[in-house]
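The structure appears right after this line, and notes come after that.
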Amino acid sequence: MSGGPGLLAALRPVVAREVAAGLLRGCGVGVVEGELLELGGELGCRISWAGPLGLAVGSEADVQAACGVMHVHGRRYGAPTPLRVDFASVAAGVLAATGALAALRARRFGAAYREVGVSVAQAALFGLAQYLAAATAPDQECAEPSGSGGPPFVAADGVRFELEALAADGWLRFWSELGVGRRVVGRAWLPFQARYGTASCPLPEELFAATRAVGYGRLVRVAAECGVELTVVAARPAVLGGMPWRLRAGGVAGAIREHEFGFGMGPLGGVRVVEIARRVQGPVAGRVLALLGAEVVRVEPVGGDPLRGVPPMTVAGGGGVAGGGVAGGGVAVSARFAALNRGKGVLEADLRSAEGRSAVRELLRGSDVLLHSLAPAKVAGLGLDATAVAALRPGLVYAQASGGGPGLSTDYPVQAHSGLAALLAPDGLPPRPTLLTVCDVLGGLVCAAGTVAALEARERTGRAQHVESSLLSAARLLCGAANRAGGPGGAGGDGGVAVCTDLAVLARDPRVAAALEFGADGCAFVRAPWEFGT
C-alpha cells in the first residue's frame, strides 16, 4: 500500500488489534478500544504496522512483502507468493497480548509500566527468526535443499494427504512397500527432513507417482505398519478462532519467589522457567519468555540437543546457547537452533535415568514454570505429570504444549487437518500447506501467551495454574482471523512496497536495524519485539 508516512501511520492494524483485544478479554482484562487498547485503566497497548522500524508499510500485504514472509512462503512456488492469511497480524496480536499481560502482572509487584508497544513488522521478523539466522550464518558451505514443489500427496482415489516420518527407517520402509527404489527414497530424505528449516521440499516425481497408484485405505495400512503418519487435507476449516489456550486453577500457591527480584531485565524478571521441548514450538515459547526477562533453563539430553549440530553453523557468543551452561563461550551451534534458544541456560540430564530425573526435580523445586512438549504417554513415567510436579513445587505454573490430537505432532499435518491449508493455496491450486512453519511459530507464541496469562492468574488468585495449548489451537486462531481485514492481497499491495527476495540483504537493511542484533560472526538474531514505557 503506497502513501505518505502520515497516511500509513493513521491506518490501524485491525486484525492484530482484534486478536490482542480478544485474548485479553478472554483473560478477564477490561479493554477499551481507542488509539491505544486501554487495559483496566492501568496500561495502554499500542499496535502499529512498523513501530520503530523505518519501513513504509500499512497493510498485511506490505509487511509480508517487505519483511520476507512472501519470500519464504514462496520458496515452494519458485517466487515470492502472498501468504493468504494474516499471519504477521495474528502474531502481532498474540505478542501484544503477551507483553500486556506481562506488564500488568509486573505492576502487581510495583513495576511502573504504563504502555507496551508492538508492530506487525516486528512480529513478521520474529516469525522468520530461524530463517534469518540461517541466511546470515557465515557457514554457508553446506548446500541446503532448495527448489519448488513438495507434498501433499494424492492417492489413487483422489484423497490428498500429508505424510510425516520422523525417522529414516520408517520413511524407507513406507516407500519401499510402494515399490520406490532405495536410491530414490534416500535422495528424497534430506529435503523432506530439512523442510522445516528450509521451507522447501523438492521431491522426486517417483514418490508422487507411487501414491497415485494406491488407494488411500491401503496407504493408511502401510503407514501404520511402518510408523509413518498420514493426515487427510481438509477442504475447509471446521473450527474457526476461539481461545488458543485452556487455563485451569490448581492448589494454593506457596511463597512467590519473584518478590525478591527487580524488573531490570523485563516484566518477567525473577521468574524461572524450566523448558523441556524440542524442535520449534516449545523453544519459541521459551524464547519469548526469556525476552520478557524470565530465566529459562532448557533440559537437554546428555551431550546436548542433536539439533545443535544442524548446519549452517554460527558461534554462540555471550548470552547465547551453550553445550552445558548459560554462556556460549565460542561454541559452534546451529544458527537455527541459536535463533530459538539464545539467552537460555542448559541442564543436561538423561530423563530415562533416576539421576537425570532427580536433577530435573531439584531444578523444579526452585522454579516458577514447567514448560514442556512431552508426549502425554511419557509424562507420568518421567514423574513430570501435573500432580507430581505440584507436590514438588506448590504454585508452579504447568504449561503443556502439544500438537492437538492423535497424529498431529508437527506443523504440516496440523495445517492439513485444521483446514488452514485450504486457505493458503494460491488461486487455481488445490489445498496445500505453506512450508513456512506458521503453526510451529504461532503455536509457540500462543504457548508463551498462555504461560504469562497463567502467571498473572496465579498472582491474582493465589493458586497454581495449568495451561494447555497446541499447534491445532494456533491454526484455528489463524483460520478465524483469515481475511478479516480483506486479506494480504497481492504482492506488495498496490505495488508500492518492494518485495524482499533475499533474507541476508534484508538483515542488512538499515530500516530494520532496530529489530535485529548480530553475533560476532555476523549471524542475525531478532530482538525482543516489545517497547515498554513507564
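Residues are referred to by chain and number: the chain letter is A, B, ... according to the order shown in the C-alpha cells, the number counts from 1 in that chain, and ligands are numbered separately from 1 in the order shown.
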
At a cut-off of 9 Å, using only C-alpha atoms, what residues contact Leu55 of chain A? Leave out same-chain residues fewer than 4 positions from it and give the result as a PDB file with C-alpha atoms, in the first residue's frame.
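Generated output (selection03.pdb):
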```pdb
ATOM      1  CA  TRP A  49       2.400  -1.504  11.414  1.00  0.00           C
ATOM      2  CA  ALA A  50       6.102  -0.635  11.680  1.00  0.00           C
ATOM      3  CA  GLY A  51       6.818   0.605  15.230  1.00  0.00           C
ATOM      4  CA  VAL A  63       4.528  -6.364   5.782  1.00  0.00           C
ATOM      5  CA  ALA A  66       8.900  -6.099   2.961  1.00  0.00           C
ATOM      6  CA  ALA A 121       6.550  -5.810  11.008  1.00  0.00           C
ATOM      7  CA  ARG A 511      15.326   0.236   8.040  1.00  0.00           C
ATOM      8  CA  VAL A 512      15.036  -2.981  10.079  1.00  0.00           C
TER       9      VAL A 512
END
```

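Every protein or nucleic acid residue with an atom no more than 7 Å from Gly44 of chain A, counting only C-alpha atoms and leaving out same-chain residues fewer than 3 positions away, appears here: Leu36, Leu37, Glu38, Leu39, Arg114, Glu115 and Val116 of chain A.
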
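Between atom CA of Pro406 of chain A and atom CA of Leu289 of chain A there is a distance of 27.9 Å.
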
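With atom CA of Tyr196 of chain A on one side and atom CA of Cys479 of chain A on the other, the separation reads 20.8 Å.
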
10 Å contact set for Gly241 of chain A, only C-alpha atoms, chain neighbours under 5 positions out, as a PyMOL selection string: chain A and resi 19+473-482

Sorted by chain and rising residue number, which residues of segment 204-319 of chain A lie within 12 Å of segment 521-526 of chain A, and what are their closest atom pairs and distances in Å to one decimal, counting only C-alpha atoms, as JSON lines?
```
{"residue": "A:Val284", "atom": "CA", "partner": "A:Val526", "partner_atom": "CA", "distance": 11.9}
{"residue": "A:Arg287", "atom": "CA", "partner": "A:Val526", "partner_atom": "CA", "distance": 10.6}
{"residue": "A:Val288", "atom": "CA", "partner": "A:Val526", "partner_atom": "CA", "distance": 11.0}
{"residue": "A:Leu291", "atom": "CA", "partner": "A:Val526", "partner_atom": "CA", "distance": 10.2}
{"residue": "A:Pro312", "atom": "CA", "partner": "A:Cys523", "partner_atom": "CA", "distance": 10.3}
{"residue": "A:Met313", "atom": "CA", "partner": "A:Cys523", "partner_atom": "CA", "distance": 9.3}
{"residue": "A:Thr314", "atom": "CA", "partner": "A:Cys523", "partner_atom": "CA", "distance": 6.7}
{"residue": "A:Val315", "atom": "CA", "partner": "A:Asp521", "partner_atom": "CA", "distance": 6.8}
{"residue": "A:Ala316", "atom": "CA", "partner": "A:Asp521", "partner_atom": "CA", "distance": 9.0}
{"residue": "A:Gly317", "atom": "CA", "partner": "A:Asp521", "partner_atom": "CA", "distance": 9.2}
```

Taking the chain letters and numbering used in this document, name the residues of segment 14-245 of chain A that DSSP puts in helix (DSSP H, G or I), as a PyMOL selection string. chain A and resi 14-26+60-66+69-76+87-107+120-127+129-136+168-177+182-198+205-212+216-226
